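Written below as structure tokens is the structure these notes are about.
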Amino acid sequence: MNSVIDNKTILVTGGTGSFGHCFTEYILEHYNPKKIIVYSRDEFKQFTMSNEDVYKKHAKQMRFFIGDVRDEARLERACENVDYIVHAAALKQVPACEYNPDEAIKTNINGAQNVINAALKTGVKRVVALSTDKAVDPVNLYGATKMVSDKLFIAANAYAGSKDINFSIVRYGNVAGSRGSIIPLFKGLIEKGEKELPITDTRMTRFWISLPEGVELVLKALSEAQGGETFISKIPSFKITDLAEAMCPGIGIKEVGIRPGEKLDEVMVTKEDAPNTYEYDKHFIVYPQVSFAREIVPAPGGKRVPDGFYYSSGNNSEWMSVEDIKNRLCEAVEH
């Protein structure tokens, strides 16, 4: 079956990361892209990735492009003849961003604007940027920079003019099993024989989304976005204490206190977003509050959420039990 991906050239910024690996593998396995360009600044990660079997098998469709999103000229070169951009590059570690705020701004904000400028200059058709729950009511620098990034990508639609291009966002929290998430942390401690797992607050909840589910949300945005929307999957919540129990039944818990910039719950849709949010069977779409030259019409099949609607991992209607978490842990393999 033909798809929006077939015979298209796709540039993935931050392409050697957890998401980039999964996205590229998924596309190669399920579709027939003309070319996938992995854009990142670490030549060793590119070398390692290019020597994995799946990428060697599809070598004719793969390109590895050394570059930094901070370098607009290099991005422009990489974007030549590109149809779609999936923007996954970012500085994501909360403590690192707090300690190095200027570096976070250069990558997460200036880098986002560079992607926008390069896309507008080179004839790219669609851009999907990965966001995070931390961009919603941000309480740390990482979240603040991603909030600005989101605003930039939404506003970019106002600069498209007559160009055949749109910019949209997908938003989700920490991907299960990705680098820096809690599952690899707990796994490492359990393997070391620790008798207790550190939890910052036993009331803490999180959403569960796997890497393939994250990829599917990006594909939905590439297929359906008109420009300026934020796509959010409906996904289950879990308690961090239940995750610990699922990973090592009976293990002790050590409450260590909330870290600076950490929230008890992940938030995806705020009450302020509610007037512009529509609910669909498997996702929400937050439509832009600003008007662009072309009218954005809500996709069919949705309904506006009620006033005061608020979607967080703490007030979710779908929850995972310890047994549910055990069943899905096998999917949370780090890429």
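By order of appearance in the structure tokens: chains A, B, ..., then residues from 1 within every chain, and ligands from 1 in the order shown.
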Backbone DSSP call of alpha helix (DSSP H) for segment 29-217 of chain A, listed as JSON, numbers by chain: {"A": [29, 30, 43, 44, 45, 46, 47, 48, 49, 50, 53, 54, 55, 56, 57, 72, 73, 74, 75, 76, 77, 78, 94, 95, 96, 97, 98, 99, 101, 102, 103, 104, 111, 112, 113, 114, 115, 116, 117, 118, 119, 120, 121, 122, 141, 142, 143, 144, 145, 146, 147, 148, 149, 150, 151, 152, 153, 154, 155, 182, 183, 184, 185, 186, 187, 188, 189, 190, 191, 211, 212, 213, 214, 215, 216, 217]}
Which residues of segment 214-310 of chain A come within 8 Å of segment 163-172 of chain A, and what is each one's closest atom pair and distance in Å (one decimal), counting only C-alpha atoms, sorted by chain and residue number, as JSON lines?
{"residue": "A:Gly214", "atom": "CA", "partner": "A:Tyr172", "partner_atom": "CA", "distance": 7.7}
{"residue": "A:Leu217", "atom": "CA", "partner": "A:Val170", "partner_atom": "CA", "distance": 6.8}
{"residue": "A:Val218", "atom": "CA", "partner": "A:Val170", "partner_atom": "CA", "distance": 6.4}
{"residue": "A:Ala221", "atom": "CA", "partner": "A:Ser168", "partner_atom": "CA", "distance": 6.9}
{"residue": "A:Ala225", "atom": "CA", "partner": "A:Ser168", "partner_atom": "CA", "distance": 6.4}
{"residue": "A:Gln226", "atom": "CA", "partner": "A:Asn166", "partner_atom": "CA", "distance": 6.3}
{"residue": "A:Gly227", "atom": "CA", "partner": "A:Asn166", "partner_atom": "CA", "distance": 4.6}
{"residue": "A:Gly228", "atom": "CA", "partner": "A:Ser168", "partner_atom": "CA", "distance": 4.9}
{"residue": "A:Glu229", "atom": "CA", "partner": "A:Ser168", "partner_atom": "CA", "distance": 5.2}
{"residue": "A:Thr230", "atom": "CA", "partner": "A:Ile169", "partner_atom": "CA", "distance": 4.6}
{"residue": "A:Phe231", "atom": "CA", "partner": "A:Val170", "partner_atom": "CA", "distance": 4.7}
{"residue": "A:Ile232", "atom": "CA", "partner": "A:Arg171", "partner_atom": "CA", "distance": 5.3}
{"residue": "A:Ser233", "atom": "CA", "partner": "A:Tyr172", "partner_atom": "CA", "distance": 7.3}
{"residue": "A:Met268", "atom": "CA", "partner": "A:Tyr172", "partner_atom": "CA", "distance": 7.1}
Any chance you could export the current selection's N, CA, C and O atoms as a tab-separated table (two decimals), in the first residue's frame?
chain	number	residue	atom	x	y	z
A	214	GLY	N	5.70	6.05	19.77
A	214	GLY	CA	6.17	7.39	19.47
A	214	GLY	C	6.36	7.59	17.98
A	214	GLY	O	6.01	8.64	17.43
A	217	LEU	N	3.02	8.05	16.22
A	217	LEU	CA	2.46	9.38	16.39
A	217	LEU	C	3.10	10.37	15.41
A	217	LEU	O	2.43	11.24	14.85
A	218	VAL	N	4.40	10.24	15.19
A	218	VAL	CA	5.08	11.09	14.21
A	218	VAL	C	4.52	10.82	12.81
A	218	VAL	O	4.28	11.76	12.04
A	221	ALA	N	1.26	12.57	12.38
A	221	ALA	CA	1.45	14.00	12.14
A	221	ALA	C	1.91	14.26	10.70
A	221	ALA	O	1.43	15.18	10.04
A	225	ALA	N	-1.20	16.38	9.45
A	225	ALA	CA	-1.07	17.77	9.91
A	225	ALA	C	-1.36	18.76	8.80
A	225	ALA	O	-0.99	18.57	7.64
A	226	GLN	N	-2.06	19.84	9.18
A	226	GLN	CA	-2.30	20.96	8.27
A	226	GLN	C	-1.34	22.11	8.55
A	226	GLN	O	-1.04	22.91	7.69
A	227	GLY	N	-0.86	22.15	9.81
A	227	GLY	CA	0.09	23.18	10.21
A	227	GLY	C	-0.26	23.78	11.55
A	227	GLY	O	-1.32	24.38	11.71
A	228	GLY	N	0.63	23.60	12.53
A	228	GLY	CA	0.45	24.23	13.84
A	228	GLY	C	-0.16	23.34	14.90
A	228	GLY	O	-0.29	23.75	16.06
A	229	GLU	N	-0.55	22.10	14.55
A	229	GLU	CA	-1.16	21.22	15.54
A	229	GLU	C	-0.12	20.59	16.46
A	229	GLU	O	1.04	20.42	16.09
A	230	THR	N	-0.59	20.23	17.66
A	230	THR	CA	0.20	19.42	18.58
A	230	THR	C	-0.54	18.11	18.77
A	230	THR	O	-1.68	18.09	19.25
A	231	PHE	N	0.10	17.00	18.39
A	231	PHE	CA	-0.50	15.66	18.48
A	231	PHE	C	-0.06	15.00	19.78
A	231	PHE	O	1.13	15.00	20.11
A	232	ILE	N	-1.02	14.43	20.51
A	232	ILE	CA	-0.75	13.81	21.81
A	232	ILE	C	-1.46	12.46	21.85
A	232	ILE	O	-2.69	12.39	21.67
A	233	SER	N	-0.72	11.38	22.07
A	233	SER	CA	-1.32	10.05	22.14
A	233	SER	C	-2.09	9.85	23.45
A	233	SER	O	-1.71	10.38	24.49
A	268	MET	N	0.16	16.71	29.75
A	268	MET	CA	0.16	16.78	28.29
A	268	MET	C	-0.76	17.87	27.75
A	268	MET	O	-0.47	18.48	26.73
Apply DSSP to the backbone of this structure and, from segment 54-271 of chain A, keep only the residues in strand (DSSP E or B); write these as a ChimeraX atom specification. /A:62-66,84-87,126-130,166-171,196-199,205-207,230-233,237-239,252-255,267-269
Save out the residues we just selected, C-alpha atoms, as a short mmCIF file (atom, residue, chain, number, x, y, z; two decimals), in the first residue's frame.
data_model
loop_
_atom_site.label_atom_id
_atom_site.label_comp_id
_atom_site.auth_asym_id
_atom_site.auth_seq_id
_atom_site.Cartn_x
_atom_site.Cartn_y
_atom_site.Cartn_z
CA MET A 62 20.70 5.52 4.03
CA ARG A 63 22.82 8.65 4.33
CA PHE A 64 24.80 9.70 7.39
CA PHE A 65 25.40 13.44 7.63
CA ILE A 66 27.68 14.94 10.29
CA TYR A 84 10.24 15.79 5.35
CA ILE A 85 12.16 16.68 8.50
CA VAL A 86 11.67 14.88 11.81
CA HIS A 87 13.36 17.08 14.42
CA ARG A 126 6.58 18.87 6.17
CA VAL A 127 8.35 19.26 9.48
CA VAL A 128 7.42 17.36 12.65
CA ALA A 129 9.20 18.40 15.86
CA LEU A 130 9.33 16.19 18.95
CA ASN A 166 3.61 22.84 7.23
CA PHE A 167 5.09 22.49 10.71
CA SER A 168 3.56 20.43 13.53
CA ILE A 169 4.50 18.97 16.91
CA VAL A 170 4.15 15.62 18.66
CA ARG A 171 4.24 15.59 22.44
CA GLU A 196 16.45 -0.70 47.48
CA LEU A 197 15.52 1.46 44.51
CA PRO A 198 15.60 5.27 44.83
CA ILE A 199 12.29 6.99 44.11
CA THR A 205 3.14 8.88 38.19
CA ARG A 206 4.21 8.76 34.57
CA PHE A 207 2.76 7.98 31.15
CA THR A 230 0.20 19.42 18.58
CA PHE A 231 -0.50 15.66 18.48
CA ILE A 232 -0.75 13.81 21.81
CA SER A 233 -1.32 10.05 22.14
CA SER A 237 -0.33 5.85 33.27
CA PHE A 238 1.61 3.94 35.89
CA LYS A 239 2.92 4.54 39.39
CA GLY A 252 12.68 -2.06 48.88
CA ILE A 253 11.92 1.56 48.09
CA LYS A 254 14.02 4.50 49.24
CA GLU A 255 12.31 7.89 48.95
CA VAL A 267 1.11 16.92 31.97
CA MET A 268 0.16 16.78 28.29
CA VAL A 269 -2.84 19.11 27.99
#
Taking 4 positions as the minimum chain separation for residues in the same chain, which residues sit within 9 Å of Val54 of chain A when counting only C-alpha atoms? Answer as a list in words. Glu25, Leu28, Glu29, Ser50, His58 and Ala59 of chain A
For the selection just defined, write its residues with N, CA and C atoms to a file, as a PDB file, in the first residue's frame.
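Done, and the output landed in part27.pdb:
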ATOM      1  N   GLU A  25      14.558   2.404  11.710  1.00  0.00           N
ATOM      2  CA  GLU A  25      14.296   0.975  11.536  1.00  0.00           C
ATOM      3  C   GLU A  25      12.852   0.724  11.140  1.00  0.00           C
ATOM      4  N   LEU A  28      12.221   1.731   7.491  1.00  0.00           N
ATOM      5  CA  LEU A  28      12.846   0.803   6.556  1.00  0.00           C
ATOM      6  C   LEU A  28      12.114  -0.529   6.498  1.00  0.00           C
ATOM      7  N   GLU A  29      11.553  -0.959   7.626  1.00  0.00           N
ATOM      8  CA  GLU A  29      10.866  -2.250   7.683  1.00  0.00           C
ATOM      9  C   GLU A  29       9.456  -2.200   7.103  1.00  0.00           C
ATOM     10  N   SER A  50      25.703   2.846  11.363  1.00  0.00           N
ATOM     11  CA  SER A  50      25.786   2.450   9.953  1.00  0.00           C
ATOM     12  C   SER A  50      26.251   1.016   9.774  1.00  0.00           C
ATOM     13  N   HIS A  58      19.963  -1.871   4.081  1.00  0.00           N
ATOM     14  CA  HIS A  58      19.293  -0.790   3.336  1.00  0.00           C
ATOM     15  C   HIS A  58      20.272   0.340   3.031  1.00  0.00           C
ATOM     16  N   ALA A  59      21.521  -0.004   2.804  1.00  0.00           N
ATOM     17  CA  ALA A  59      22.569   1.018   2.643  1.00  0.00           C
ATOM     18  C   ALA A  59      22.255   2.007   1.525  1.00  0.00           C
TER      19      ALA A  59
END
At a cut-off of 8 Å, using only C-alpha atoms, what residues contact Asn276 of chain A? Leave out same-chain residues fewer than 5 positions from it and give the result as a CSV table (one decimal) with N, CA and C atoms, in the first residue's frame.
chain,number,residue,atom,x,y,z
A,286,VAL,N,-4.2,19.4,19.8
A,286,VAL,CA,-4.3,20.8,20.3
A,286,VAL,C,-4.1,21.7,19.0
A,287,TYR,N,-5.1,22.4,18.6
A,287,TYR,CA,-5.0,23.2,17.4
A,287,TYR,C,-4.4,24.6,17.8
A,288,PRO,N,-3.8,25.3,16.8
A,288,PRO,CA,-3.1,26.5,17.2
A,288,PRO,C,-4.1,27.6,17.5
A,289,GLN,N,-3.7,28.4,18.5
A,289,GLN,CA,-4.6,29.6,18.9
A,289,GLN,C,-4.5,30.7,17.9
A,304,ARG,N,-14.6,18.5,20.6
A,304,ARG,CA,-13.9,19.4,21.5
A,304,ARG,C,-14.0,18.9,22.9
Applying 12 Å and only C-alpha atoms, which residues near Gly17 of chain A remain after dropping the ones on its own chain fewer than 3 positions away? List them as a PyMOL selection string. chain A and resi 12-14+20-24+38-42+45-46+48-49+87-92+175+178-180+211+334-335
Taking N, CA and C atoms for each residue, export the selection above as an mmCIF file, in the first residue's frame.
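After the write, part.cif holds the following:
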data_model
loop_
_atom_site.group_PDB
_atom_site.id
_atom_site.type_symbol
_atom_site.label_atom_id
_atom_site.label_comp_id
_atom_site.auth_asym_id
_atom_site.auth_seq_id
_atom_site.Cartn_x
_atom_site.Cartn_y
_atom_site.Cartn_z
ATOM 1 N N VAL A 12 16.347 13.159 9.595
ATOM 2 C CA VAL A 12 16.082 12.989 11.023
ATOM 3 C C VAL A 12 17.210 13.658 11.794
ATOM 4 N N THR A 13 16.917 14.785 12.447
ATOM 5 C CA THR A 13 17.942 15.406 13.293
ATOM 6 C C THR A 13 18.028 14.634 14.603
ATOM 7 N N GLY A 14 19.235 14.561 15.173
ATOM 8 C CA GLY A 14 19.407 13.716 16.348
ATOM 9 C C GLY A 14 19.154 12.265 16.004
ATOM 10 N N GLY A 20 15.651 8.211 17.000
ATOM 11 C CA GLY A 20 16.142 8.155 15.627
ATOM 12 C C GLY A 20 16.376 6.733 15.158
ATOM 13 N N HIS A 21 16.981 5.905 16.029
ATOM 14 C CA HIS A 21 17.184 4.491 15.709
ATOM 15 C C HIS A 21 15.851 3.813 15.402
ATOM 16 N N CYS A 22 14.909 3.957 16.331
ATOM 17 C CA CYS A 22 13.635 3.256 16.192
ATOM 18 C C CYS A 22 12.863 3.760 14.975
ATOM 19 N N PHE A 23 12.837 5.075 14.788
ATOM 20 C CA PHE A 23 12.119 5.645 13.644
ATOM 21 C C PHE A 23 12.689 5.122 12.336
ATOM 22 N N THR A 24 14.011 5.144 12.200
ATOM 23 C CA THR A 24 14.650 4.727 10.958
ATOM 24 C C THR A 24 14.402 3.248 10.687
ATOM 25 N N VAL A 38 20.409 10.573 8.306
ATOM 26 C CA VAL A 38 20.646 10.666 9.742
ATOM 27 C C VAL A 38 21.587 11.840 9.976
ATOM 28 N N TYR A 39 21.074 12.867 10.646
ATOM 29 C CA TYR A 39 21.841 14.095 10.883
ATOM 30 C C TYR A 39 22.164 14.181 12.365
ATOM 31 N N SER A 40 23.456 14.151 12.703
ATOM 32 C CA SER A 40 23.862 14.266 14.107
ATOM 33 C C SER A 40 25.329 14.672 14.148
ATOM 34 N N ARG A 41 25.805 15.003 15.342
ATOM 35 C CA ARG A 41 27.156 15.561 15.462
ATOM 36 C C ARG A 41 28.192 14.567 15.960
ATOM 37 N N ASP A 42 27.787 13.335 16.263
ATOM 38 C CA ASP A 42 28.709 12.343 16.828
ATOM 39 C C ASP A 42 29.073 11.324 15.751
ATOM 40 N N LYS A 45 28.923 7.516 16.859
ATOM 41 C CA LYS A 45 27.571 6.951 16.878
ATOM 42 C C LYS A 45 27.077 6.675 15.465
ATOM 43 N N GLN A 46 27.412 7.559 14.525
ATOM 44 C CA GLN A 46 27.011 7.321 13.143
ATOM 45 C C GLN A 46 27.719 6.091 12.574
ATOM 46 N N THR A 48 28.872 3.518 14.272
ATOM 47 C CA THR A 48 28.299 2.332 14.908
ATOM 48 C C THR A 48 26.937 1.998 14.316
ATOM 49 N N MET A 49 26.098 3.013 14.143
ATOM 50 C CA MET A 49 24.762 2.794 13.599
ATOM 51 C C MET A 49 24.831 2.266 12.168
ATOM 52 N N HIS A 87 12.379 16.383 13.573
ATOM 53 C CA HIS A 87 13.356 17.077 14.416
ATOM 54 C C HIS A 87 13.352 16.472 15.816
ATOM 55 N N ALA A 88 14.372 15.624 16.064
ATOM 56 C CA ALA A 88 14.484 14.951 17.359
ATOM 57 C C ALA A 88 15.696 15.414 18.151
ATOM 58 N N ALA A 89 16.552 16.250 17.565
ATOM 59 C CA ALA A 89 17.767 16.686 18.252
ATOM 60 C C ALA A 89 17.433 17.644 19.392
ATOM 61 N N ALA A 90 18.029 17.409 20.542
ATOM 62 C CA ALA A 90 17.828 18.304 21.691
ATOM 63 C C ALA A 90 18.791 17.911 22.797
ATOM 64 N N LEU A 91 19.096 18.879 23.662
ATOM 65 C CA LEU A 91 19.709 18.563 24.952
ATOM 66 C C LEU A 91 18.564 18.273 25.907
ATOM 67 N N LYS A 92 18.511 17.042 26.448
ATOM 68 C CA LYS A 92 17.317 16.568 27.149
ATOM 69 C C LYS A 92 17.503 16.353 28.649
ATOM 70 N N VAL A 175 10.189 8.218 26.926
ATOM 71 C CA VAL A 175 9.860 6.978 26.244
ATOM 72 C C VAL A 175 10.394 5.804 27.053
ATOM 73 N N SER A 178 14.152 4.308 26.876
ATOM 74 C CA SER A 178 15.097 5.151 26.153
ATOM 75 C C SER A 178 16.223 5.589 27.089
ATOM 76 N N ARG A 179 17.324 6.034 26.496
ATOM 77 C CA ARG A 179 18.464 6.460 27.305
ATOM 78 C C ARG A 179 18.056 7.587 28.246
ATOM 79 N N GLY A 180 18.457 7.455 29.510
ATOM 80 C CA GLY A 180 18.168 8.482 30.494
ATOM 81 C C GLY A 180 16.843 8.295 31.200
ATOM 82 N N LEU A 211 8.787 3.261 22.163
ATOM 83 C CA LEU A 211 9.381 3.895 20.994
ATOM 84 C C LEU A 211 8.532 3.689 19.738
ATOM 85 N N GLU A 334 16.329 -0.697 25.131
ATOM 86 C CA GLU A 334 17.042 0.500 24.733
ATOM 87 C C GLU A 334 17.661 0.317 23.354
ATOM 88 N N HIS A 335 17.458 1.332 22.493
ATOM 89 C CA HIS A 335 18.060 1.323 21.162
ATOM 90 C C HIS A 335 19.395 2.039 21.204
#
Would you compute the distance between atom CA of Glu76 of chain A and atom CA of Tyr31 of chain A? Give it in Å to one decimal.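 So the two atoms, atom CA of Glu76 of chain A and atom CA of Tyr31 of chain A, lie 25.9 Å apart.
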Which of A:Val290, A:Ala119, A:Ile325, A:Ile285 sits closest to Pro236 of chain A [using only C-alpha atoms]: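 Of A:Val290, A:Ala119, A:Ile325, A:Ile285, the one nearest Pro236 of chain A is A:Ile325, counting only C-alpha atoms.
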Among the residues A:Pro275, A:Gly111, A:Gly261, A:Gly188, the one that comes closest to Asn140 of chain A [using only C-alpha atoms]: A:Gly261
If you count only C-alpha atoms, the residue of A:Thr107, A:Ser18, A:Thr122, A:Ser321 closest to Glu80 of chain A turns out to be A:Thr122
Using only C-alpha atoms, determine which residues lie at most 7 Å from segment 93-105 of chain A, disregarding the query and same-chain residues fewer than 5 positions distant; provide the list as a ChimeraX atom specification. /A:110,141-142,145
Got time to write the residues from that selection, C-alpha atoms, as an mmCIF file, in the first residue's frame?
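Written output follows (result33.cif):
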data_model
loop_
_atom_site.group_PDB
_atom_site.id
_atom_site.type_symbol
_atom_site.label_atom_id
_atom_site.label_comp_id
_atom_site.auth_asym_id
_atom_site.auth_seq_id
_atom_site.Cartn_x
_atom_site.Cartn_y
_atom_site.Cartn_z
ATOM 1 C CA ASN A 110 18.459 28.422 18.300
ATOM 2 C CA LEU A 141 15.184 25.087 31.909
ATOM 3 C CA TYR A 142 14.879 22.076 29.632
ATOM 4 C CA THR A 145 13.560 25.791 26.087
#
Among listed residues A:Phe284, A:Ile251, A:Thr270, A:Ala244, nearest Leu185 of chain A (using only C-alpha atoms):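 Among A:Phe284, A:Ile251, A:Thr270, A:Ala244, it is A:Ala244 that comes nearest to Leu185 of chain A.
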Just give me the gap between atom CA of Phe309 of chain A and atom CA of Glu272 of chain A in Å, one decimal is fine. 8.6 Å
Just to confirm, what's the straight-line distance from atom CA of Val139 of chain A to atom CA of Glu245 of chain A in Å (one decimal)?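 It comes out at 28.9 Å.
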Between A:Glu213, A:Glu43, A:Glu323, A:Glu224, single out the one closest to Asp68 of chain A, counting only C-alpha atoms.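 Among the listed residues, A:Glu43 lies closest to Asp68 of chain A.
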With distances taken over only C-alpha atoms, which of A:Tyr159, A:Lys271, A:Leu75, A:Trp319 is nearest to Asn114 of chain A?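 So, comparing all the options, the nearest one is A:Leu75.
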